[in-house]
>>> print(open('input.csv').read())   # CSV, C-alpha atoms
chain,number,residue,atom,x,y,z
A,22,MET,CA,19.9,10.5,141.4
A,23,ARG,CA,23.5,10.8,142.1
A,24,ARG,CA,25.8,11.7,139.2
A,25,PHE,CA,29.5,11.2,139.1
A,26,ARG,CA,32.4,10.7,136.7
A,27,LEU,CA,32.8,7.5,134.8
A,28,PHE,CA,36.4,6.5,135.2
A,29,ARG,CA,38.1,9.3,133.2
A,30,GLY,CA,34.9,10.3,131.4
A,31,LYS,CA,32.7,13.4,131.6
A,32,LEU,CA,30.1,14.0,134.3
A,33,GLU,CA,27.2,12.1,132.9
A,34,GLY,CA,26.2,9.4,135.4
A,35,PRO,CA,27.0,5.7,135.8
A,36,TRP,CA,28.1,3.8,132.7
A,37,TRP,CA,25.3,1.3,133.2
A,38,ILE,CA,22.8,4.1,132.9
A,39,ASN,CA,24.5,5.9,130.0
A,40,ASN,CA,24.7,4.4,126.6
A,41,GLY,CA,27.6,2.2,126.1
A,42,VAL,CA,30.7,2.4,128.3
A,43,GLY,CA,29.9,-0.9,130.0
A,44,ALA,CA,31.5,-4.2,130.0
A,45,ALA,CA,29.4,-7.3,130.1
A,46,ALA,CA,29.4,-9.3,133.3
A,47,ILE,CA,27.6,-12.4,134.1
A,48,GLY,CA,24.1,-13.6,133.6
A,49,VAL,CA,22.3,-16.3,135.3
A,50,VAL,CA,19.6,-17.9,133.4
A,51,LEU,CA,17.1,-20.0,135.2
A,52,ILE,CA,15.1,-22.1,132.7
A,53,ALA,CA,12.1,-23.9,134.2
A,54,THR,CA,11.8,-27.3,132.5
A,55,SER,CA,9.5,-30.2,132.3
A,56,LEU,CA,10.3,-33.9,132.3
A,57,LEU,CA,12.4,-35.4,129.6
A,58,VAL,CA,10.0,-37.1,127.2
A,59,GLY,CA,12.4,-39.5,125.6
A,60,PRO,CA,16.2,-40.1,125.3
A,61,SER,CA,16.4,-38.4,121.9
A,62,TRP,CA,13.5,-36.0,122.0
A,63,GLY,CA,14.9,-33.2,124.2
A,64,CYS,CA,12.9,-31.2,126.7
A,65,HIS,CA,9.8,-29.1,126.9
A,66,ILE,CA,11.0,-25.9,128.6
A,67,PRO,CA,8.1,-23.6,129.6
A,68,ALA,CA,9.9,-20.7,131.2
A,69,ILE,CA,13.2,-18.9,131.6
A,70,TYR,CA,14.5,-16.9,134.7
A,71,ASN,CA,17.5,-14.9,133.9
A,72,PHE,CA,20.1,-13.3,136.1
A,73,GLY,CA,23.0,-11.2,134.8
A,74,ASP,CA,24.2,-7.9,133.4
A,75,SER,CA,24.2,-6.0,130.1
A,76,ASN,CA,24.8,-9.2,128.2
A,77,SER,CA,21.3,-10.3,129.1
A,78,ASP,CA,19.5,-7.2,130.5
A,79,THR,CA,16.3,-6.9,128.5
A,80,GLY,CA,15.1,-3.8,130.2
A,81,SER,CA,15.8,-3.7,134.0
A,82,VAL,CA,18.2,-0.7,134.1
A,83,SER,CA,16.4,1.1,131.3
A,84,ALA,CA,13.1,0.8,133.4
A,85,ALA,CA,14.7,1.6,136.7
A,86,PHE,CA,17.0,4.5,135.9
A,87,ARG,CA,16.8,6.0,132.4
A,88,ARG,CA,15.5,4.6,129.1
A,89,LEU,CA,18.0,3.8,126.5
A,90,PRO,CA,17.8,6.2,123.5
A,91,PRO,CA,17.8,5.3,119.8
A,92,PRO,CA,19.6,3.8,118.0
A,93,TYR,CA,19.7,1.0,120.6
A,94,GLY,CA,17.3,-1.7,119.4
A,95,GLU,CA,17.0,-0.4,115.9
A,96,THR,CA,18.0,-3.6,114.0
A,97,PHE,CA,15.3,-5.9,115.3
A,98,PHE,CA,12.8,-4.0,117.5
A,99,GLY,CA,12.9,-0.7,115.5
A,100,LYS,CA,13.1,1.2,118.8
A,101,PRO,CA,14.9,1.0,122.1
A,102,SER,CA,14.0,-2.2,123.9
A,103,GLY,CA,16.1,-1.9,127.1
A,104,ARG,CA,18.9,-4.0,125.5
A,105,TYR,CA,22.5,-2.7,125.3
A,106,SER,CA,22.7,-3.7,121.6
A,107,ASP,CA,21.2,-2.8,118.3
A,108,GLY,CA,18.9,-5.8,118.6
A,109,ARG,CA,18.6,-9.2,120.2
A,110,LEU,CA,20.9,-10.6,122.9
A,111,ILE,CA,22.1,-14.2,123.5
A,112,ILE,CA,19.3,-14.7,126.0
A,113,ASP,CA,16.8,-13.8,123.3
A,114,PHE,CA,18.2,-16.4,120.9
A,115,ILE,CA,18.1,-18.9,123.7
A,116,ALA,CA,14.4,-18.1,124.2
A,117,GLU,CA,13.7,-18.4,120.5
A,118,LYS,CA,15.6,-21.7,120.3
A,119,LEU,CA,13.2,-23.0,123.0
A,120,GLY,CA,10.1,-21.6,121.3
A,121,LEU,CA,9.5,-19.1,124.1
A,122,PRO,CA,8.7,-15.4,124.0
A,123,PHE,CA,11.3,-12.8,125.0
A,124,LEU,CA,11.7,-12.3,128.7
A,125,SER,CA,10.0,-9.3,130.5
A,126,ALA,CA,12.4,-7.5,132.8
A,127,TYR,CA,11.4,-7.9,136.5
A,128,LEU,CA,11.7,-4.2,137.1
A,129,ASP,CA,9.6,-3.2,134.0
A,130,SER,CA,6.1,-2.2,135.2
A,131,ILE,CA,4.7,-1.6,131.7
A,132,GLU,CA,2.7,-4.6,130.4
A,133,PRO,CA,5.1,-7.3,131.7
A,134,ASN,CA,4.2,-11.0,131.1
A,135,PHE,CA,5.9,-13.4,133.5
A,136,ARG,CA,4.1,-16.5,132.3
A,137,HIS,CA,7.2,-17.8,130.6
A,138,GLY,CA,9.7,-16.4,133.1
A,139,ALA,CA,11.3,-13.1,134.2
A,140,ASN,CA,14.6,-11.3,133.7
A,141,PHE,CA,16.5,-10.1,136.7
A,142,GLY,CA,19.6,-9.2,134.8
A,143,ALA,CA,20.8,-5.6,135.2
A,144,SER,CA,23.5,-3.9,133.2
A,145,GLY,CA,26.6,-3.1,135.2
A,146,SER,CA,26.0,-5.6,137.9
A,147,THR,CA,28.8,-7.7,139.5
A,148,ILE,CA,29.1,-10.9,141.4
A,149,GLN,CA,30.6,-9.2,144.4
A,150,GLN,CA,28.2,-7.0,146.4
A,151,THR,CA,28.3,-3.4,145.4
A,152,ASP,CA,30.2,-1.2,147.9
A,153,ALA,CA,31.1,2.5,147.8
A,154,LYS,CA,34.1,1.8,145.6
A,155,LEU,CA,32.1,-0.1,143.0
A,156,PHE,CA,29.2,2.3,143.1
A,157,GLY,CA,31.6,5.3,142.9
A,158,ALA,CA,33.2,3.7,139.8
A,159,GLY,CA,29.8,3.6,138.1
A,160,PHE,CA,28.8,0.0,138.7
A,161,ASN,CA,25.2,-1.1,139.3
A,162,PRO,CA,23.9,-1.6,142.9
A,163,LEU,CA,21.8,-4.4,141.6
A,164,SER,CA,24.5,-7.0,142.1
A,165,LEU,CA,23.9,-10.7,141.8
A,166,ASN,CA,22.9,-11.1,145.5
A,167,ILE,CA,20.2,-8.4,145.0
A,168,GLN,CA,18.9,-10.1,141.9
A,169,LEU,CA,18.6,-13.3,143.9
A,170,LEU,CA,16.6,-11.5,146.6
A,171,GLN,CA,14.4,-10.2,143.8
A,172,PHE,CA,13.9,-13.7,142.5
A,173,GLU,CA,13.0,-15.1,146.0
A,174,GLN,CA,10.5,-12.3,146.5
A,175,PHE,CA,9.1,-12.9,143.0
A,176,LYS,CA,8.7,-16.6,143.6
A,177,ASP,CA,7.0,-16.1,147.0
A,178,ARG,CA,4.7,-13.3,145.9
A,179,THR,CA,3.4,-15.0,142.7
A,180,LYS,CA,2.3,-18.2,144.3
A,181,GLU,CA,-0.7,-16.8,146.2
A,182,PRO,CA,-2.3,-14.7,143.4
A,183,PHE,CA,-1.8,-17.6,141.0
A,184,ASN,CA,-3.4,-20.2,143.3
A,185,GLN,CA,-6.3,-17.8,144.2
A,186,ALA,CA,-6.8,-16.3,140.8
A,187,LYS,CA,-10.3,-16.6,139.2
A,188,SER,CA,-9.2,-14.6,136.2
A,189,SER,CA,-7.6,-16.4,133.3
A,190,TRP,CA,-5.7,-13.2,132.6
A,191,ILE,CA,-3.8,-13.4,135.9
A,192,LYS,CA,-2.9,-17.0,135.3
A,193,ASN,CA,-1.8,-16.3,131.8
A,194,ASN,CA,0.6,-13.6,133.1
A,195,LEU,CA,2.1,-15.4,136.1
A,196,PRO,CA,4.4,-18.4,136.3
A,197,ARG,CA,3.1,-21.7,137.4
A,198,PRO,CA,4.4,-22.5,140.9
A,199,GLU,CA,5.4,-26.1,140.0
A,200,GLU,CA,7.7,-24.9,137.3
A,201,PHE,CA,10.1,-23.2,139.7
A,202,SER,CA,11.4,-26.5,140.9
A,203,LYS,CA,12.2,-27.7,137.4
A,204,ALA,CA,14.8,-25.2,136.5
A,205,LEU,CA,18.0,-24.8,134.4
A,206,TYR,CA,20.2,-22.0,135.7
A,207,THR,CA,22.6,-20.4,133.2
A,208,LEU,CA,25.2,-18.2,134.8
A,209,ASP,CA,27.4,-15.8,132.8
A,210,CYS,CA,29.0,-13.8,135.6
A,211,GLY,CA,32.3,-12.1,136.4
A,212,GLN,CA,33.3,-9.8,133.5
A,213,ASN,CA,32.3,-6.6,135.3
A,214,ASP,CA,34.2,-7.8,138.4
A,215,LEU,CA,37.3,-8.0,136.2
A,216,HIS,CA,36.4,-4.7,134.5
A,217,PHE,CA,36.2,-2.9,137.9
A,218,GLY,CA,39.6,-4.4,139.0
A,219,LEU,CA,41.3,-3.4,135.7
A,220,VAL,CA,40.2,0.2,135.9
A,221,GLN,CA,40.6,0.7,139.6
A,222,THR,CA,43.5,-1.6,140.7
A,223,THR,CA,46.4,-3.5,139.2
A,224,GLU,CA,46.4,-6.8,137.3
A,225,GLU,CA,48.1,-8.5,140.2
A,226,GLN,CA,45.3,-7.4,142.5
A,227,VAL,CA,42.7,-8.5,140.0
A,228,ARG,CA,44.2,-12.0,139.9
A,229,ALA,CA,44.3,-12.1,143.7
A,230,SER,CA,40.6,-11.2,143.9
A,231,ILE,CA,39.4,-14.0,141.6
A,232,PRO,CA,39.1,-16.8,144.3
A,233,ASN,CA,36.9,-14.7,146.5
A,234,ILE,CA,34.7,-13.7,143.5
A,235,ILE,CA,34.3,-17.3,142.5
A,236,ASP,CA,33.4,-18.3,146.1
A,237,MET,CA,30.6,-15.6,146.0
A,238,PHE,CA,29.4,-17.1,142.7
A,239,ALA,CA,29.3,-20.5,144.3
A,240,VAL,CA,27.1,-19.1,147.1
A,241,ALA,CA,24.7,-17.8,144.5
A,242,VAL,CA,24.4,-21.2,142.9
A,243,LYS,CA,23.8,-22.8,146.3
A,244,LYS,CA,21.1,-20.3,147.1
A,245,LEU,CA,19.3,-21.0,143.8
A,246,TYR,CA,19.7,-24.7,144.5
A,247,HIS,CA,18.0,-24.3,147.9
A,248,GLU,CA,15.2,-22.4,146.1
A,249,GLY,CA,14.6,-25.5,144.0
A,250,ALA,CA,16.9,-25.1,141.1
A,251,ARG,CA,18.3,-28.3,139.8
A,252,THR,CA,19.8,-27.7,136.3
A,253,PHE,CA,22.4,-25.0,135.7
A,254,TRP,CA,23.8,-23.7,132.4
A,255,ILE,CA,26.9,-21.8,133.4
A,256,HIS,CA,28.6,-19.4,131.0
A,257,ASN,CA,32.2,-18.5,131.6
A,258,THR,CA,33.4,-15.0,131.0
A,259,GLY,CA,34.4,-13.6,127.6
A,260,PRO,CA,37.7,-12.2,126.3
A,261,ILE,CA,37.7,-8.9,128.0
A,262,GLY,CA,40.9,-7.8,126.4
A,263,CYS,CA,39.2,-7.8,123.0
A,264,LEU,CA,36.6,-5.2,124.0
A,265,PRO,CA,37.3,-2.0,122.1
A,266,PHE,CA,36.6,-0.2,125.4
A,267,PHE,CA,40.0,-1.6,126.5
A,268,ALA,CA,41.8,-2.6,123.4
A,269,VAL,CA,41.2,0.7,121.6
A,270,TRP,CA,40.3,3.4,124.2
A,271,ASN,CA,41.8,2.3,127.6
A,272,ARG,CA,44.9,0.5,126.6
A,273,PRO,CA,47.5,0.3,129.4
A,274,LYS,CA,50.8,2.1,128.7
A,275,HIS,CA,52.9,-1.1,128.4
A,276,PHE,CA,51.0,-4.1,127.0
A,277,LYS,CA,51.4,-7.0,124.6
A,278,SER,CA,48.7,-7.6,122.0
A,279,ASP,CA,47.8,-10.9,120.4
A,280,GLN,CA,47.3,-11.5,116.7
A,281,ASN,CA,43.9,-9.8,116.9
A,282,GLY,CA,45.0,-6.7,118.6
A,283,CYS,CA,43.5,-7.8,122.0
A,284,ILE,CA,45.3,-7.1,125.3
A,285,LYS,CA,46.9,-10.4,126.0
A,286,SER,CA,47.3,-10.0,129.8
A,287,TYR,CA,43.6,-9.0,130.2
A,288,ASN,CA,42.5,-12.1,128.3
A,289,GLN,CA,44.8,-14.2,130.5
A,290,LEU,CA,43.0,-12.9,133.5
A,291,ALA,CA,39.7,-13.9,132.0
A,292,GLN,CA,41.2,-17.4,131.3
A,293,GLU,CA,42.3,-17.7,134.9
A,294,PHE,CA,38.9,-16.7,136.1
A,295,ASN,CA,37.4,-19.3,133.8
A,296,LYS,CA,39.8,-22.0,135.1
A,297,GLN,CA,38.8,-21.3,138.7
A,298,LEU,CA,35.1,-21.1,137.7
A,299,LYS,CA,35.3,-24.6,136.0
A,300,ASP,CA,37.1,-26.0,139.1
A,301,LYS,CA,34.4,-24.6,141.3
A,302,VAL,CA,31.6,-26.1,139.1
A,303,PHE,CA,33.3,-29.5,139.5
A,304,GLN,CA,33.3,-29.0,143.3
A,305,LEU,CA,29.7,-28.0,143.3
A,306,ARG,CA,28.8,-31.2,141.4
A,307,THR,CA,30.1,-33.2,144.4
A,308,LYS,CA,28.0,-31.3,146.9
A,309,LEU,CA,24.7,-30.5,145.1
A,310,HIS,CA,23.8,-34.1,144.5
A,311,HIS,CA,20.5,-33.5,142.7
A,312,ALA,CA,21.8,-30.8,140.4
A,313,VAL,CA,23.0,-30.9,136.8
A,314,LEU,CA,25.7,-28.2,136.3
A,315,ILE,CA,26.6,-27.5,132.6
A,316,TYR,CA,29.7,-25.4,132.0
A,317,VAL,CA,29.5,-23.4,128.7
A,318,ASP,CA,32.7,-22.0,127.1
A,319,ILE,CA,31.5,-18.6,126.0
A,320,TYR,CA,35.1,-17.4,125.9
A,321,THR,CA,36.0,-19.8,123.1
A,322,ALA,CA,32.9,-18.9,121.1
A,323,LYS,CA,33.6,-15.2,121.3
A,324,TYR,CA,37.3,-15.4,120.7
A,325,THR,CA,36.8,-17.7,117.7
A,326,LEU,CA,34.4,-15.1,116.2
A,327,ILE,CA,36.9,-12.3,116.8
A,328,SER,CA,39.7,-14.4,115.3
A,329,GLU,CA,37.7,-15.3,112.3
A,330,ALA,CA,35.9,-11.9,111.9
A,331,GLU,CA,36.5,-11.4,108.2
A,332,LYS,CA,35.9,-15.0,107.4
A,333,GLN,CA,32.5,-14.8,109.2
A,334,GLY,CA,31.5,-11.7,107.3
A,335,PHE,CA,32.5,-9.0,109.9
A,336,VAL,CA,34.9,-6.1,109.6
A,337,SER,CA,37.9,-5.5,111.8
A,338,PRO,CA,37.5,-7.5,115.1
A,339,LEU,CA,38.2,-4.4,117.2
A,340,GLY,CA,35.9,-2.1,115.2
A,341,TYR,CA,32.6,-0.9,116.6
A,342,CYS,CA,29.4,0.5,115.2
A,343,CYS,CA,28.1,3.3,117.4
A,344,GLY,CA,30.0,6.1,119.2
A,345,HIS,CA,33.5,7.5,119.2
A,346,LEU,CA,35.4,5.9,122.1
A,347,GLY,CA,37.2,8.5,124.2
A,348,VAL,CA,35.2,11.3,122.5
A,349,ALA,CA,31.4,10.7,122.7
A,350,GLU,CA,29.3,7.7,123.6
A,351,CYS,CA,26.8,6.1,121.3
A,352,TRP,CA,24.2,8.7,120.2
A,353,GLN,CA,25.7,11.4,122.4
A,354,THR,CA,27.1,14.8,121.6
A,355,SER,CA,30.4,16.1,122.9
A,356,ILE,CA,32.5,19.2,122.4
A,357,VAL,CA,36.0,18.5,121.2
A,358,ASN,CA,38.3,21.5,120.7
A,359,GLY,CA,35.3,23.8,120.5
A,360,THR,CA,33.6,21.6,117.9
A,361,GLU,CA,30.4,19.7,118.5
A,362,VAL,CA,30.8,16.0,117.7
A,363,PHE,CA,27.8,13.7,117.4
A,364,ALA,CA,28.4,9.9,117.9
A,365,ALA,CA,26.1,8.4,115.4
A,366,SER,CA,25.8,4.7,114.5
A,367,CYS,CA,27.2,3.0,111.5
A,368,SER,CA,25.1,2.2,108.4
A,369,ASP,CA,25.2,-1.6,108.8
A,370,PRO,CA,25.6,-3.0,112.4
A,371,SER,CA,25.6,-6.6,111.0
A,372,LYS,CA,29.1,-6.1,109.8
A,373,HIS,CA,30.4,-5.3,113.2
A,374,ILE,CA,31.1,-7.6,116.2
A,375,SER,CA,31.0,-4.7,118.7
A,376,TRP,CA,28.0,-2.4,118.9
A,377,ASP,CA,29.3,0.4,121.1
A,378,GLY,CA,32.7,-0.7,122.2
A,379,ALA,CA,31.5,-2.7,125.2
A,380,HIS,CA,28.5,-4.7,123.9
A,381,TYR,CA,28.0,-7.1,121.0
A,382,THR,CA,25.8,-6.5,118.0
A,383,GLU,CA,22.8,-8.6,117.3
A,384,ALA,CA,24.7,-10.3,114.5
A,385,ALA,CA,27.5,-11.2,116.8
A,386,ASN,CA,25.1,-12.4,119.6
A,387,LYS,CA,23.3,-14.6,117.1
A,388,TRP,CA,26.6,-16.1,115.9
A,389,VAL,CA,27.7,-16.9,119.5
A,390,ALA,CA,24.3,-18.3,120.5
A,391,ASN,CA,24.3,-20.6,117.5
A,392,HIS,CA,27.7,-22.0,118.6
A,393,ILE,CA,26.7,-22.8,122.1
A,394,VAL,CA,23.2,-24.2,122.0
A,395,ASP,CA,24.3,-27.4,120.4
A,396,GLY,CA,26.4,-28.3,123.4
A,397,SER,CA,29.7,-28.6,121.5
A,398,LEU,CA,31.3,-26.0,123.9
A,399,SER,CA,29.7,-27.5,127.0
A,400,ASP,CA,31.0,-29.7,129.7
A,401,PRO,CA,29.3,-32.2,129.8
A,402,PRO,CA,28.4,-31.7,126.1
A,403,ILE,CA,24.6,-31.4,126.5
A,404,PRO,CA,22.6,-29.4,124.0
A,405,LEU,CA,20.3,-26.7,125.3
A,406,ARG,CA,17.2,-28.5,124.3
A,407,LYS,CA,18.3,-31.6,126.3
A,408,SER,CA,19.4,-29.7,129.4
A,409,CYS,CA,16.3,-30.5,131.4
A,410,HIS,CA,16.5,-32.6,134.6
A,411,SER,CA,13.9,-34.4,136.5
A,412,SER,CA,13.7,-33.4,140.1
A,413,PRO,CA,13.9,-36.3,142.6
>>> encode(input="input.csv", output="structure tokens")
Amino acid sequence: MRRFRLFRGKLEGPWWINNGVGAAAIGVVLIATSLLVGPSWGCHIPAIYNFGDSNSDTGSVSAAFRRLPPPYGETFFGKPSGRYSDGRLIIDFIAEKLGLPFLSAYLDSIEPNFRHGANFGASGSTIQQTDAKLFGAGFNPLSLNIQLLQFEQFKDRTKEPFNQAKSSWIKNNLPRPEEFSKALYTLDCGQNDLHFGLVQTTEEQVRASIPNIIDMFAVAVKKLYHEGARTFWIHNTGPIGCLPFFAVWNRPKHFKSDQNGCIKSYNQLAQEFNKQLKDKVFQLRTKLHHAVLIYVDIYTAKYTLISEAEKQGFVSPLGYCCGHLGVAECWQTSIVNGTEVFAASCSDPSKHISWDGAHYTEAANKWVANHIVDGSLSDPPIPLRKSCHSSP
């Protein structure tokens, strides 16, 4: 496998393969649903299909390229679980909220169970298709369009064995074909696209690239719609200027910080992305007549947590638990001025918002998840459990 420099880092391989120098991008969650059983009862949701990046990758990159080492996964799983965190991700808490098991990664060949869905999310992925520049900068070739192709193949290939299966084991490990058409799609894309632009181009160029990225995002939604998806739960992108990767390690020479120490102009780019994303969702509503598109304000949830870090029981909003940014990545060893430096994890990850400078801790993911599932940050304000939609 090809190895190359990560931005200004050492020769170690792509950041989405290594331990922690990644920014979260977007995830698309397809939640297969059944009919609404009553106006106040909510939904019975039998499966989830997720598309995204390290915010929702439950093992794709770890299975396909290199397994994440300890202490990733230590808080909840007690071992590496393929997640870029010390424990559970937002997608895991969404599954728990719906009474479903955690999603198996589509690329994981070791004892997967797809009865309740599959996870196509891959750390380091972008909305835009990966070209030589993106790949050379360390971003994942499994971009959103590739994940959609994987889903289409998965959908087509599981129908025949399910319908012909005589073994209950097979049917208990594969999705039911009729559930694909009763789906909620949650999309959380774009942060890696912004990340790439910020480290490789100028802020002006990043701003100019947003309309094209949003258009590609809309194409993905339309493809899923033509595959039978009808209900979409769409996350906007988070405050990228508050990631320690940028705010602590890769700060631009001349920048203005906000009251939390975040890079103000970077967050403004994220807000511009979100504005255009929301406008595009509105446009899609007028074209996809049988779809329900729910826009979820992840940015506000995450920025509120960062702003209220101490009030919510966390330490400094720009602190992180594992690694020494600029010196050694989480659980890696580096030589600094002739001295070996080992980047261990902190003693209590639950006190930190950031796990490794680029990804959130389980505690932070749980806080954010609890503040979005009730629908208070959604447009329209529909709770997760009532997000199902009856197909015509």
>>> closest_residue(input="input.csv", among="A:Gln333, A:Ser399, A:Thr179, A:Thr223", to="Tyr287 of chain A", atoms="only C-alpha atoms")
A:Thr223
>>> closest_residue(input="input.csv", among="A:Ala322, A:Phe294, A:Cys263, A:Glu173", to="Leu245 of chain A", atoms="all atoms listed in the file")
A:Glu173
>>> closest_residue(input="input.csv", among="A:Ile115, A:Phe303, A:Gln221, A:Tyr206", to="Ile393 of chain A", atoms="only C-alpha atoms")
A:Ile115
>>> residues_near_point(input="input.csv", point="(23.7, 9.5, 116.9)", cutoff="10 Å", atoms="only C-alpha atoms", output="list in words")
Pro90, Pro91, Pro92, Cys343, Gly344, Ala349, Glu350, Cys351, Trp352, Gln353, Thr354, Val362, Phe363, Ala364, Ala365, Ser366 and Cys367 of chain A
>>> atom_distance(input="input.csv", atom1="atom CA of Leu326 of chain A", atom2="atom CA of Lys118 of chain A")
20.3 Å
>>> closest_atom_pairs(input="input.csv", of="segment 204-272 of chain A", to="segment 67-78 of chain A", cutoff="9 Å", atoms="only C-alpha atoms", output="tab-separated table")
residue	atom	partner	partner_atom	distance
A:Ala204	CA	A:Ile69	CA	8.1
A:Leu205	CA	A:Ile69	CA	8.1
A:Tyr206	CA	A:Tyr70	CA	7.7
A:Thr207	CA	A:Asn71	CA	7.5
A:Leu208	CA	A:Phe72	CA	7.2
A:Asp209	CA	A:Gly73	CA	6.7
A:Cys210	CA	A:Gly73	CA	6.6
A:Asn213	CA	A:Asp74	CA	8.4
